[in-house]
Amino acid sequence: MDMLAREIEDFIVQTVTTAGTRTKYRRPLVGFASADDPRWQELRRIAEPSHFLPQDLLPEARTVVAFFLPFAEEIVRANREADGTAPAWATAYLETNALINQIVQELIARLGKRGIRAAGQPATYNWDPVTLISRWSHKSAAAVAGLGTFGLHRMLITDAGCAGRCGSLVIDAEVPPTSRSHVERCLYFYDGSCTYCVDACPVQALRPAPFGQMNLDKWACHAHLRDVVKPQLGADCCGKCAVGPCALASAVK
């Protein structure tokens, strides 16, 4: 592995391991993508026309660093078994967002001391509250960096599953891109055998649809998070769609 890549990965793993949060994690995944990868432009076609390119965050961008912090199995199990969102899942959501922001800011500072410029976006709330559009998707950055593929629930399914949170940042140093696997990780897209996420959604915001077609009513989802879950648990998260067969690993064996 490239020396800078190893240093960044070791820092992320060590920071998560010693975070001292109530939330427990499995080993983080870290990937890298070229800032000139043509798939950044492709995101403007398939996801959002105004999606930022890496150079919009840092004009001299050469590499995008993406990482995934997978929740411990006990958090997944708690949310799967709970009537509504489990308190442990809400805690994980809040603590992990804070941890991602910490990782990004500390990496920016550490790299800056070596003359490497870097820039990032907040772990969440970097979207328009009216349109619910984010102009920089950490999940999409992780996909371009080879960490996983999207499932029916529009979550990123990594080799460690989808139960966790993604973060990313852009740097002006070159790191070799992570190799990407084209293996399908979602059972619905693989053979149509699983609609766990659709069935689990408390507000029927998801529906089965071929890959690339709109299948999420994001306003119904957001209203549930804002009006039901947040008043109860202090976090606008739900996670019921993220605790099925693809929660802890690729669902396709």
# chains A, B, ... in the order shown; residues from 1 in each chain; ligands from 1

call {"tool": "select_by_dssp", "arguments": {"residues": "stretch 28-189 of chain A", "states": "helix (DSSP H, G or I)", "output": "PyMOL selection string"}}
result
chain A and resi 39-46+54-57+73-81+87-112+138-144+187-189

call {"tool": "residues_around", "arguments": {"residues": "stretch 122-132 of chain A", "least_positions_apart": "2", "cutoff": "6 Å", "atoms": "only C-alpha atoms", "output": "ChimeraX atom specification"}}
result
/A:97,101,134

call {"tool": "write_last_selection", "arguments": {"atoms": "C-alpha atoms", "output": "compact mmCIF listing (two decimals), in the first residue's frame"}}
result
# COMPACT_ATOMS: atom_id res chain seq x y z
CA ASN A 97 -21.50 11.99 12.89
CA ASN A 101 -16.30 15.38 11.68
CA SER A 134 -26.96 17.25 -0.91

call {"tool": "residues_around", "arguments": {"residues": "A:Arg226", "least_positions_apart": "3", "cutoff": "9 Å", "atoms": "only C-alpha atoms", "output": "list in words"}}
result
Cys221, His222, Ala223, Val229, Lys230, Pro231, Ala235, Asp236 and Cys237 of chain A

call {"tool": "write_last_selection", "arguments": {"atoms": "C-alpha atoms", "output": "PDB file, in the first residue's frame"}}
result
ATOM      1  CA  CYS A 221     -38.765   9.592   5.005  1.00  0.00           C
ATOM      2  CA  HIS A 222     -37.570  13.006   6.184  1.00  0.00           C
ATOM      3  CA  ALA A 223     -40.941  13.888   7.724  1.00  0.00           C
ATOM      4  CA  VAL A 229     -38.087  10.004  15.712  1.00  0.00           C
ATOM      5  CA  LYS A 230     -36.275  13.227  16.605  1.00  0.00           C
ATOM      6  CA  PRO A 231     -38.847  14.376  19.203  1.00  0.00           C
ATOM      7  CA  ALA A 235     -31.816  12.309  16.497  1.00  0.00           C
ATOM      8  CA  ASP A 236     -33.414  12.425  13.071  1.00  0.00           C
ATOM      9  CA  CYS A 237     -32.538   8.860  12.151  1.00  0.00           C
TER      10      CYS A 237
END

call {"tool": "closest_residue", "arguments": {"among": "A:Thr85, A:Thr158, A:Ser168, A:Ser179", "to": "A:Val228", "atoms": "only C-alpha atoms"}}
result
A:Thr85
